[in-house]
>>> print(open('run.cif').read())   # mmCIF, C-alpha atoms
data_work
#
loop_
_atom_site.label_atom_id
_atom_site.label_comp_id
_atom_site.auth_asym_id
_atom_site.auth_seq_id
_atom_site.Cartn_x
_atom_site.Cartn_y
_atom_site.Cartn_z
CA MET A 1 44.58 50.78 -37.33
CA LYS A 2 44.55 51.28 -33.56
CA LYS A 3 40.79 51.77 -33.80
CA TYR A 4 40.34 48.39 -35.49
CA LEU A 5 42.61 46.68 -32.96
CA SER A 6 40.57 48.16 -30.09
CA ILE A 7 37.36 46.84 -31.63
CA ALA A 8 38.93 43.41 -32.14
CA CYS A 9 40.14 43.32 -28.55
CA ALA A 10 36.74 44.33 -27.27
CA LEU A 11 35.09 41.59 -29.27
CA THR A 12 37.61 39.04 -28.01
CA ILE A 13 37.01 40.06 -24.38
CA ALA A 14 33.22 39.97 -24.85
CA ALA A 15 33.45 36.53 -26.40
CA SER A 16 35.56 35.22 -23.53
CA VAL A 17 33.11 36.68 -21.00
CA LEU A 18 30.17 35.07 -22.76
CA THR A 19 32.04 31.79 -22.98
CA GLY A 20 32.82 31.96 -19.27
CA CYS A 21 29.18 32.65 -18.42
CA SER A 22 28.10 29.76 -20.61
CA LYS A 23 30.39 27.38 -18.71
CA ASP A 24 29.09 28.60 -15.36
CA ASN A 25 25.43 28.24 -16.31
CA LYS A 26 25.27 24.86 -17.96
CA THR A 27 21.78 23.34 -17.90
CA ALA A 28 21.65 20.21 -15.78
CA PRO A 29 21.21 17.10 -17.90
CA ILE A 30 17.71 15.69 -18.03
CA VAL A 31 17.54 12.36 -16.23
CA ASP A 32 14.85 10.01 -17.47
CA PRO A 33 12.68 8.45 -14.73
CA PRO A 34 13.51 4.82 -13.99
CA THR A 35 11.73 2.21 -16.03
CA TYR A 36 10.00 -0.56 -14.12
CA SER A 37 6.79 -2.53 -14.05
CA VAL A 38 4.10 -2.54 -11.37
CA PRO A 39 2.68 -6.01 -10.68
CA THR A 40 -1.04 -6.67 -10.29
CA THR A 41 -0.51 -8.64 -7.07
CA TYR A 42 1.77 -8.10 -4.07
CA ASN A 43 4.18 -10.79 -5.27
CA PHE A 44 7.48 -8.91 -4.97
CA ALA A 45 10.31 -11.44 -4.79
CA ASN A 46 11.80 -10.02 -1.60
CA ALA A 47 8.53 -9.10 0.16
CA ASN A 48 8.29 -10.15 3.81
CA PHE A 49 5.41 -9.14 6.08
CA ALA A 50 5.40 -12.21 8.32
CA ASP A 51 5.77 -10.18 11.53
CA ALA A 52 2.62 -8.20 10.74
CA THR A 53 0.72 -11.42 10.02
CA THR A 54 1.90 -12.88 13.33
CA ARG A 55 0.71 -9.84 15.26
CA LEU A 56 -2.71 -9.96 13.60
CA GLY A 57 -2.87 -13.59 14.68
CA MET A 58 -2.06 -12.54 18.25
CA TYR A 59 -4.91 -10.05 18.10
CA THR A 60 -7.26 -12.78 16.90
CA GLU A 61 -6.46 -14.88 19.96
CA ILE A 62 -7.20 -11.95 22.27
CA SER A 63 -10.48 -11.28 20.47
CA THR A 64 -11.39 -14.95 20.83
CA LEU A 65 -10.51 -14.88 24.54
CA MET A 66 -12.85 -11.93 25.01
CA LYS A 67 -15.79 -14.11 23.98
CA ASN A 68 -15.41 -15.82 27.35
CA ALA A 69 -17.00 -12.71 28.83
CA LEU A 70 -20.33 -14.22 27.79
CA THR A 71 -19.86 -17.06 30.29
CA GLY A 72 -18.18 -15.04 33.02
CA THR A 73 -14.78 -16.66 32.44
CA PHE A 74 -12.92 -13.84 30.73
CA ASP A 75 -9.32 -13.79 32.03
CA ALA A 76 -8.21 -10.14 31.99
CA THR A 77 -4.72 -10.99 33.25
CA LYS A 78 -4.16 -13.39 30.37
CA ALA A 79 -5.40 -10.79 27.90
CA LYS A 80 -2.91 -8.27 29.25
CA ASN A 81 -0.13 -10.85 29.08
CA MET A 82 -1.02 -11.38 25.43
CA LEU A 83 -0.35 -7.71 24.76
CA THR A 84 3.26 -8.07 25.93
CA ASN A 85 3.69 -11.78 25.08
CA THR A 86 4.47 -12.61 28.69
CA GLY A 87 4.27 -16.11 30.21
CA ALA A 88 3.47 -18.01 26.98
CA PRO A 89 -0.19 -16.86 26.89
CA PHE A 90 -1.03 -17.90 23.33
CA THR A 91 -2.56 -21.14 22.14
CA THR A 92 -0.40 -20.91 19.02
CA THR A 93 3.04 -21.95 20.30
CA ALA A 94 4.85 -20.10 17.52
CA TYR A 95 3.46 -16.80 18.82
CA ASN A 96 4.90 -17.44 22.28
CA THR A 97 8.39 -18.03 20.89
CA SER A 98 8.28 -15.40 18.14
CA GLY A 99 9.95 -12.66 20.16
CA LEU A 100 7.16 -10.34 18.98
CA GLN A 101 4.51 -8.47 20.93
CA LEU A 102 1.63 -6.11 20.30
CA ASN A 103 2.30 -3.53 22.98
CA ASP A 104 5.46 -2.14 21.39
CA GLN A 105 3.51 -1.47 18.18
CA PHE A 106 0.76 0.55 19.87
CA ALA A 107 0.25 4.29 19.62
CA PRO A 108 1.43 5.76 22.96
CA ALA A 109 -2.08 6.70 24.12
CA PHE A 110 -3.47 3.28 23.23
CA LYS A 111 -1.06 1.55 25.62
CA THR A 112 -3.04 3.09 28.48
CA ASP A 113 -6.48 2.97 26.90
CA VAL A 114 -6.31 -0.73 26.04
CA ILE A 115 -5.86 -1.68 29.70
CA SER A 116 -8.99 0.29 30.57
CA PHE A 117 -10.95 -1.49 27.83
CA ILE A 118 -9.88 -4.91 29.10
CA ASP A 119 -10.74 -4.03 32.71
CA SER A 120 -14.17 -2.71 31.68
CA LEU A 121 -14.94 -5.92 29.81
CA ALA A 122 -13.84 -7.93 32.85
CA LYS A 123 -16.38 -6.08 35.01
CA ALA A 124 -19.18 -6.88 32.58
CA SER A 125 -18.01 -10.51 32.49
CA ALA A 126 -18.20 -10.71 36.29
CA SER A 127 -21.96 -10.11 35.94
CA ALA A 128 -22.46 -12.66 33.17
CA SER A 129 -25.08 -14.56 35.16
CA THR A 130 -27.24 -11.42 35.20
CA VAL A 131 -29.34 -10.35 32.23
CA ALA A 132 -28.02 -7.04 30.94
CA SER A 133 -30.53 -4.21 30.93
CA ARG A 134 -30.75 -0.49 31.52
CA GLY A 135 -28.59 0.26 34.57
CA VAL A 136 -27.59 -3.40 34.97
CA ALA A 137 -24.36 -4.95 33.66
CA GLY A 138 -24.45 -8.50 32.38
CA VAL A 139 -25.09 -10.61 29.30
CA ALA A 140 -28.16 -10.40 27.07
CA ALA A 141 -29.31 -11.64 23.69
CA SER A 142 -30.57 -9.80 20.64
CA SER A 143 -34.35 -9.71 20.45
CA ALA A 144 -34.07 -10.64 16.77
CA ASN A 145 -31.65 -13.54 17.26
CA ALA A 146 -31.38 -15.32 20.61
CA ALA A 147 -28.06 -16.85 19.56
CA SER A 148 -26.43 -13.41 19.37
CA LYS A 149 -25.35 -12.53 22.89
CA TYR A 150 -23.32 -9.61 24.20
CA ALA A 151 -21.60 -8.70 27.47
CA LEU A 152 -22.63 -5.12 28.24
CA THR A 153 -21.88 -2.62 30.96
CA SER A 154 -24.66 -0.98 32.97
CA VAL A 155 -24.86 1.77 30.32
CA GLY A 156 -24.94 -0.74 27.46
CA VAL A 157 -21.36 -0.56 26.18
CA ASN A 158 -19.78 -3.67 24.65
CA TYR A 159 -16.10 -3.26 25.51
CA ALA A 160 -15.06 -6.24 23.42
CA GLN A 161 -16.09 -4.20 20.37
CA VAL A 162 -14.61 -0.99 21.74
CA PHE A 163 -11.32 -2.87 22.09
CA ASN A 164 -11.53 -4.37 18.59
CA LYS A 165 -12.16 -1.08 16.82
CA ASN A 166 -9.64 0.92 18.84
CA PHE A 167 -7.06 -1.80 18.17
CA MET A 168 -7.56 -1.18 14.47
CA GLY A 169 -6.69 2.47 15.03
CA GLY A 170 -4.23 2.15 17.90
CA LEU A 171 -2.00 -0.43 16.23
CA ILE A 172 -2.87 -1.00 12.57
CA THR A 173 -3.62 2.54 11.40
CA TYR A 174 -0.91 3.90 13.68
CA GLN A 175 1.72 1.60 12.17
CA ILE A 176 0.63 2.07 8.56
CA VAL A 177 0.43 5.85 8.79
CA THR A 178 3.69 6.19 10.73
CA THR A 179 5.48 4.09 8.12
CA MET A 180 4.01 6.07 5.24
CA ASP A 181 4.99 9.34 6.86
CA ASN A 182 8.56 8.11 7.26
CA VAL A 183 8.61 6.97 3.62
CA ALA A 184 7.22 10.30 2.44
CA ASN A 185 9.91 12.12 4.39
CA GLN A 186 12.52 9.59 3.25
CA THR A 187 13.78 8.93 6.77
CA ILE A 188 14.04 5.17 6.17
CA ASP A 189 17.13 3.75 4.45
CA ASN A 190 16.52 2.57 0.90
CA THR A 191 20.11 1.78 0.00
CA THR A 192 21.52 -0.86 2.32
CA VAL A 193 20.22 -4.37 1.68
CA VAL A 194 19.75 -6.56 4.74
CA ASN A 195 18.21 -10.05 4.47
CA GLY A 196 17.33 -9.40 0.86
CA SER A 197 15.63 -6.01 1.12
CA THR A 198 16.20 -2.43 2.15
CA ALA A 199 14.71 -1.09 5.38
CA MET A 200 12.22 0.94 3.36
CA GLU A 201 11.09 -2.06 1.33
CA HIS A 202 10.60 -4.11 4.51
CA ALA A 203 8.75 -1.32 6.34
CA TRP A 204 6.41 -0.93 3.36
CA ASP A 205 5.82 -4.71 3.35
CA LEU A 206 4.87 -4.68 7.03
CA ALA A 207 2.42 -1.86 6.41
CA PHE A 208 0.80 -3.91 3.66
CA GLY A 209 0.68 -6.93 5.97
CA TYR A 210 -1.11 -4.92 8.64
CA TRP A 211 -3.88 -4.09 6.16
CA GLY A 212 -4.82 -7.78 6.48
CA VAL A 213 -5.52 -8.75 2.87
CA PRO A 214 -4.26 -11.51 0.54
CA ILE A 215 -1.60 -10.62 -2.02
CA ASP A 216 -4.14 -10.81 -4.88
CA PHE A 217 -6.73 -8.62 -3.18
CA PRO A 218 -9.37 -7.48 -4.07
CA THR A 219 -9.82 -10.16 -6.75
CA ASN A 220 -9.43 -12.61 -3.89
CA LYS A 221 -10.96 -11.52 -0.59
CA THR A 222 -10.56 -14.84 1.23
CA GLY A 223 -9.15 -14.34 4.71
CA ALA A 224 -9.29 -10.54 4.63
CA LYS A 225 -9.57 -9.29 8.21
CA LEU A 226 -9.86 -6.10 10.23
CA TRP A 227 -9.21 -3.18 7.85
CA GLY A 228 -9.16 -5.60 4.92
CA SER A 229 -12.69 -6.61 5.84
CA TYR A 230 -13.96 -3.08 6.44
CA SER A 231 -12.46 -1.63 3.27
CA THR A 232 -14.63 -4.20 1.47
CA GLN A 233 -17.73 -3.49 3.56
CA VAL A 234 -17.67 0.21 2.65
CA ASP A 235 -16.71 -0.31 -0.99
CA SER A 236 -20.12 0.74 -2.29
CA GLY A 237 -19.51 4.28 -1.05
CA PHE A 238 -15.73 4.57 -0.76
CA LYS A 239 -13.47 2.62 -3.11
CA ALA A 240 -10.72 2.10 -0.57
CA ASN A 241 -9.96 -1.42 -1.85
CA LYS A 242 -8.69 -0.17 -5.20
CA ILE A 243 -7.16 3.04 -3.85
CA LEU A 244 -5.09 1.22 -1.24
CA MET A 245 -4.11 -1.79 -3.36
CA ASP A 246 -3.02 0.39 -6.28
CA ALA A 247 -0.99 2.62 -3.95
CA PHE A 248 0.65 -0.29 -2.12
CA LEU A 249 1.65 -1.96 -5.39
CA LYS A 250 2.84 1.18 -7.16
CA GLY A 251 4.66 2.48 -4.10
CA ARG A 252 6.51 -0.79 -3.45
CA ALA A 253 7.61 -1.07 -7.07
CA ALA A 254 8.78 2.55 -6.98
CA ILE A 255 10.81 1.98 -3.81
CA SER A 256 12.70 -0.88 -5.42
CA ALA A 257 13.25 1.23 -8.56
CA LYS A 258 14.43 4.24 -6.46
CA ASP A 259 11.64 6.35 -7.98
CA LYS A 260 11.31 8.86 -5.11
CA PRO A 261 8.55 11.10 -6.49
CA THR A 262 6.29 8.11 -7.06
CA PHE A 263 6.75 6.32 -3.74
CA VAL A 264 6.36 9.60 -1.87
CA ALA A 265 3.09 10.29 -3.71
CA GLN A 266 1.75 6.78 -2.99
CA ALA A 267 2.64 7.03 0.70
CA LYS A 268 0.63 10.24 0.96
CA ILE A 269 -2.35 8.60 -0.75
CA ILE A 270 -2.31 5.80 1.82
CA ILE A 271 -2.10 8.26 4.72
CA THR A 272 -5.18 10.15 3.49
CA THR A 273 -7.10 6.98 2.67
CA MET A 274 -6.61 5.36 6.08
CA GLU A 275 -8.25 8.29 7.87
CA LYS A 276 -11.15 8.42 5.41
CA LEU A 277 -11.56 4.66 5.75
CA THR A 278 -11.99 5.07 9.50
CA GLY A 279 -14.73 7.63 8.90
CA ALA A 280 -16.41 5.34 6.36
CA ALA A 281 -16.29 2.41 8.81
CA ALA A 282 -17.96 4.53 11.50
CA LEU A 283 -20.74 5.37 9.04
CA GLN A 284 -21.11 1.71 8.14
CA GLU A 285 -21.75 1.00 11.82
CA VAL A 286 -24.26 3.88 11.96
CA LYS A 287 -26.15 2.14 9.17
CA GLU A 288 -26.24 -1.09 11.20
CA VAL A 289 -27.32 0.78 14.34
CA LYS A 290 -30.27 2.25 12.45
CA GLU A 291 -31.19 -1.18 11.08
CA SER A 292 -31.44 -2.52 14.65
CA ILE A 293 -32.71 0.63 16.35
CA SER A 294 -35.52 -1.23 18.16
CA ASP A 295 -33.30 -4.11 19.29
CA ASN A 296 -31.72 -2.60 22.42
CA ILE A 297 -29.04 -5.24 22.92
CA ALA A 298 -27.78 -5.71 19.35
CA ARG A 299 -28.09 -1.97 18.72
CA ASN A 300 -25.98 -1.14 21.78
CA SER A 301 -23.23 -3.48 20.62
CA ARG A 302 -23.23 -1.93 17.17
CA LEU A 303 -23.17 1.55 18.66
CA SER A 304 -20.12 0.40 20.65
CA GLU A 305 -18.43 -0.45 17.35
CA CYS A 306 -19.26 2.98 15.95
CA TYR A 307 -17.92 4.62 19.12
CA GLY A 308 -14.75 2.56 18.84
CA PHE A 309 -14.06 3.71 15.28
CA VAL A 310 -14.67 7.38 16.09
CA SER A 311 -12.53 7.12 19.22
CA SER A 312 -9.73 5.41 17.28
CA LEU A 313 -9.20 8.48 15.11
CA LYS A 314 -7.18 10.03 17.92
CA TYR A 315 -4.37 7.48 17.47
CA ASN A 316 -3.70 8.50 13.87
CA PRO A 317 -0.50 10.63 13.98
CA LYS A 318 -1.27 12.36 10.66
CA LYS A 319 -5.01 12.85 11.02
CA VAL A 320 -6.67 15.94 9.58
CA VAL A 321 -9.53 15.92 12.08
CA THR A 322 -8.60 17.71 15.32
CA ASP A 323 -8.74 16.27 18.82
CA ALA A 324 -11.41 18.84 19.65
CA GLN A 325 -13.54 17.64 16.74
CA ILE A 326 -13.17 14.02 17.84
CA THR A 327 -14.29 15.02 21.34
CA SER A 328 -17.32 16.77 19.86
CA PHE A 329 -18.20 13.65 17.84
CA LEU A 330 -17.98 11.43 20.91
CA ALA A 331 -20.16 13.87 22.87
CA LEU A 332 -23.00 13.05 20.47
CA PHE A 333 -23.22 9.51 21.87
CA PRO A 334 -25.69 9.17 24.79
CA LYS A 335 -24.32 8.55 28.29
CA SER A 336 -26.46 5.43 28.40
CA TYR A 337 -26.75 3.57 25.11
CA TYR A 338 -30.23 2.46 26.18
CA ASP A 339 -31.32 6.09 25.74
CA LEU A 340 -30.21 6.31 22.11
CA THR A 341 -32.61 8.15 19.78
CA LEU A 342 -32.75 8.25 16.01
CA THR A 343 -31.99 11.96 16.20
CA GLN A 344 -28.71 11.21 17.98
CA VAL A 345 -27.80 8.53 15.45
CA ASN A 346 -28.36 10.94 12.58
CA ALA A 347 -26.31 13.62 14.35
CA ILE A 348 -23.37 11.22 14.64
CA ARG A 349 -23.78 10.23 11.00
CA ASP A 350 -23.91 13.83 9.77
CA ALA A 351 -20.90 14.97 11.81
CA VAL A 352 -18.69 12.18 10.47
CA SER A 353 -19.96 12.32 6.88
CA THR A 354 -19.42 16.08 6.69
CA GLN A 355 -15.89 15.76 8.05
CA TYR A 356 -14.88 13.23 5.41
CA GLY A 357 -16.94 14.34 2.42
CA PHE A 358 -19.35 11.39 2.49
CA ASP A 359 -22.64 13.33 2.56
CA SER A 360 -23.77 11.92 -0.79
CA VAL A 361 -23.18 8.30 0.33
CA LYS A 362 -23.66 8.54 4.09
CA ASP A 363 -26.66 6.22 4.06
CA ILE A 364 -25.15 3.47 1.89
CA LEU A 365 -21.71 3.02 3.43
#
>>> encode(input="run.cif", output="C-alpha cells")
Amino acid sequence: MKKYLSIACALTIAASVLTGCSKDNKTAPIVDPPTYSVPTTYNFANANFADATTRLGMYTEISTLMKNALTGTFDATKAKNMLTNTGAPFTTTAYNTSGLQLNDQFAPAFKTDVISFIDSLAKASASASTVASRGVAGVAASSANAASKYALTSVGVNYAQVFNKNFMGGLITYQIVTTMDNVANQTIDNTTVVNGSTAMEHAWDLAFGYWGVPIDFPTNKTGAKLWGSYSTQVDSGFKANKILMDAFLKGRAAISAKDKPTFVAQAKIIITTMEKLTGAAALQEVKEVKESISDNIARNSRLSECYGFVSSLKYNPKKVVTDAQITSFLALFPKSYYDLTLTQVNAIRDAVSTQYGFDSVKDIL
C-alpha cells in the first residue's frame, strides 16, 4: 500500500511541476498585422508638406536670380540673404513672411560650400562683358545654339549648375535621407497627434514634398522639379519613379496604421534609392556631355552638372560610397573643362556606373 501511495505522490508532484512549467512558458499570442489600404496617390487626409513646397519655391527664386550672371548683374549678397531669408529678399511676399529658410535645412558641409559656389558665380558674372574661353572667365554661347548662353569661370565651370546640383544633395537628399533614417530607427514620435498628425506622419510628408512631384505622380508629371524631374529623366535605365512613389505611399499608410515593420522597410528603400538616383543623374549628364563633346561651351556647362551631382554625394548621411571614392571620382574631371577628352568622360561614366550597378544601362540613362 505504501508503495502505491509513493507512486501516486510522485505522479502528483510531477504533474504539478509540469503544470508549473506550462504556466511559465506560455506561447505569446499571435497578433495579426493591422489591416489598412494603400492609396494610389498621396492624398492622405492629414498630409501636409507645405513647408517643403515653400522651400523649393525659395530655391527657384535663387536659381532665377543666378541667371543675371549672364548680364553681369548677379547680386551675390541677395542670393546669400535668400538662404537665410534675411531682409525680405524674395519676390514672392509669402516667402519673406513664412518664417522659413533654406540654410537651417542644409547638410552641415553644404552651409559652407554653398557660399563658395555663390562667390564663384559672382566672379564669372563680373566678367560677363568678356567672351568666355580657355583661361578667360566670362559669358559665351553654345556653338549649336546661340540663344544658349552660360557664365563660365576661366577653367570652364558653370557655378550656377554646380550650385543647383549640390543643392539637390545638400538640402533635398539630406533631408529625405535623414528623415528616413529617423523613421527606420523609430526616433520620431508616432503617437501624439499635433495639428492633425503625428510627428512621424508630418516628417514623412515633408520628405515627400521635397521630392518635388505632384500627388498623382508619375501618372501626372506636370510641375515635377529637381529630383522629381531627374527621376523621370533616368527612368529608362533606373525605375526610381515607381520605386520611390510606391515606397512613399506604402510607408505613409503604414505609419498611420502603426505597422512598424512595413514603414521601416519602406524608409530603407527610399534611403537606398536616393543614393542610386544621384548616381543615375550623374550618368545622365555624362550622356549629355558626350552628345555635345565638340561644343566647348555647352559641354562645359553639362560637365559642371555632372560634377555637381558627383560632388553632392558627400552630403548624404547614409551613403554607401565612401568619401575617398567620391574624391577619386572628382579627380577624374580635368582641371580645365576645356581640356576634356572622351577618354576622361568614359572614365567618369565607368567609375559611377560600377559603383551603383548601372554598367548594363550606363549609356542610356
>>> resolve_selection(input="run.cif", expression="the PyMOL selection byres ((chain A and resi 114) around 10)", output="list in words")
Lys80, Leu83, Asn103, Phe106, Ala109, Phe110, Lys111, Thr112, Asp113, Ile115, Ser116, Phe117, Ile118, Asp119, Ser120, Val162, Phe163, Asn164, Asn166, Phe167 and Gly170 of chain A
>>> residues_around(input="run.cif", residues="range 92-95 of chain A", least_positions_apart="3", cutoff="8 Å", atoms="only C-alpha atoms", output="PyMOL selection string")
chain A and resi 54+58+88+98-100
>>> resolve_selection(input="run.cif", expression="the PyMOL selection byres ((chain A and resi 174) around 8)", output="JSON, numbers by chain")
{"A": [106, 107, 169, 170, 171, 172, 173, 175, 176, 177, 178, 315, 316, 317]}
>>> closest_residue(input="run.cif", among="A:Met274, A:Leu121, A:Ala207, A:Ala257", to="Val320 in chain A", atoms="all atoms listed in the file")
A:Met274
>>> closest_residue(input="run.cif", among="A:Asn195, A:Gln284, A:Lys149, A:Lys225", to="Gly209 in chain A", atoms="all atoms listed in the file")
A:Lys225
>>> atom_distance(input="run.cif", atom1="CA of Ala122 in chain A", atom2="CA of Thr341 in chain A")
28.0 Å
>>> resolve_selection(input="run.cif", expression="the PyMOL selection byres ((chain A and resi 228-240) around 8)", output="ChimeraX atom specification")
/A:211-213,224-227,241-244,273,277,280-281,284,358,361-362,364-365
>>> residues_around(input="run.cif", residues="Thr198 in chain A", least_positions_apart="5", cutoff="12 Å", atoms="only C-alpha atoms", output="PyMOL selection string")
chain A and resi 46-48+188-193+203-205+252+255-258
>>> write_last_selection(input="run.cif", atoms="C-alpha atoms", output="PDB file, in the coordinates of the input")
ATOM      1  CA  ASN A  46      11.800 -10.020  -1.600  1.00  0.00           C
ATOM      2  CA  ALA A  47       8.530  -9.100   0.160  1.00  0.00           C
ATOM      3  CA  ASN A  48       8.290 -10.150   3.810  1.00  0.00           C
ATOM      4  CA  ILE A 188      14.040   5.170   6.170  1.00  0.00           C
ATOM      5  CA  ASP A 189      17.130   3.750   4.450  1.00  0.00           C
ATOM      6  CA  ASN A 190      16.520   2.570   0.900  1.00  0.00           C
ATOM      7  CA  THR A 191      20.110   1.780   0.000  1.00  0.00           C
ATOM      8  CA  THR A 192      21.520  -0.860   2.320  1.00  0.00           C
ATOM      9  CA  VAL A 193      20.220  -4.370   1.680  1.00  0.00           C
ATOM     10  CA  ALA A 203       8.750  -1.320   6.340  1.00  0.00           C
ATOM     11  CA  TRP A 204       6.410  -0.930   3.360  1.00  0.00           C
ATOM     12  CA  ASP A 205       5.820  -4.710   3.350  1.00  0.00           C
ATOM     13  CA  ARG A 252       6.510  -0.790  -3.450  1.00  0.00           C
ATOM     14  CA  ILE A 255      10.810   1.980  -3.810  1.00  0.00           C
ATOM     15  CA  SER A 256      12.700  -0.880  -5.420  1.00  0.00           C
ATOM     16  CA  ALA A 257      13.250   1.230  -8.560  1.00  0.00           C
ATOM     17  CA  LYS A 258      14.430   4.240  -6.460  1.00  0.00           C
TER      18      LYS A 258
END
>>> atom_distance(input="run.cif", atom1="CA of Leu65 in chain A", atom2="CA of Ile215 in chain A")
28.3 Å
>>> residues_around(input="run.cif", residues="Lys250 in chain A", least_positions_apart="5", cutoff="9 Å", atoms="only C-alpha atoms", output="PyMOL selection string")
chain A and resi 37-39+245+255+262-263+266
>>> atom_distance(input="run.cif", atom1="CA of Lys123 in chain A", atom2="CA of Ala137 in chain A")
8.2 Å
>>> closest_residue(input="run.cif", among="A:Ala267, A:Ala128, A:Leu303, A:Ala52", to="Val286 in chain A", atoms="only C-alpha atoms")
A:Leu303
>>> axis_aligned_box(input="run.cif", around="range 226-239 of chain A", padding_each_side="5 Å", output="JSON")
{"center_x": -14.6, "center_y": -1.0, "center_z": 3.6, "size_x": 21.0, "size_y": 21.2, "size_z": 23.3}
>>> residues_around(input="run.cif", residues="Thr84 in chain A", least_positions_apart="6", cutoff="8 Å", atoms="only C-alpha atoms", output="list in words")
Gln101, Leu102, Asn103 and Asp104 of chain A
>>> closest_residue(input="run.cif", among="A:Ser129, A:Thr219, A:Ala151, A:Gln161", to="Ser63 in chain A", atoms="all atoms listed in the file")
A:Gln161
>>> closest_residue(input="run.cif", among="A:Ser125, A:Thr35, A:Thr97, A:Gln105", to="Asn68 in chain A", atoms="all atoms listed in the file")
A:Ser125
>>> closest_residue(input="run.cif", among="A:Asp51, A:Tyr59, A:Leu342, A:Thr91", to="Ser294 in chain A", atoms="only C-alpha atoms")
A:Leu342
>>> residues_around(input="run.cif", residues="Met82 in chain A", least_positions_apart="5", cutoff="7 Å", atoms="only C-alpha atoms", output="PyMOL selection string")
chain A and resi 62+89-90
>>> residues_near_point(input="run.cif", point="(-22.7, -13.7, 27.5)", cutoff="10 Å", atoms="only C-alpha atoms", output="list of chain:residue names")
A:Lys67, A:Asn68, A:Ala69, A:Leu70, A:Thr71, A:Gly72, A:Thr73, A:Ala124, A:Ser125, A:Ser127, A:Ala128, A:Ser129, A:Thr130, A:Val131, A:Ala132, A:Gly138, A:Val139, A:Ala140, A:Ala141, A:Ser148, A:Lys149, A:Tyr150, A:Ala151, A:Leu152
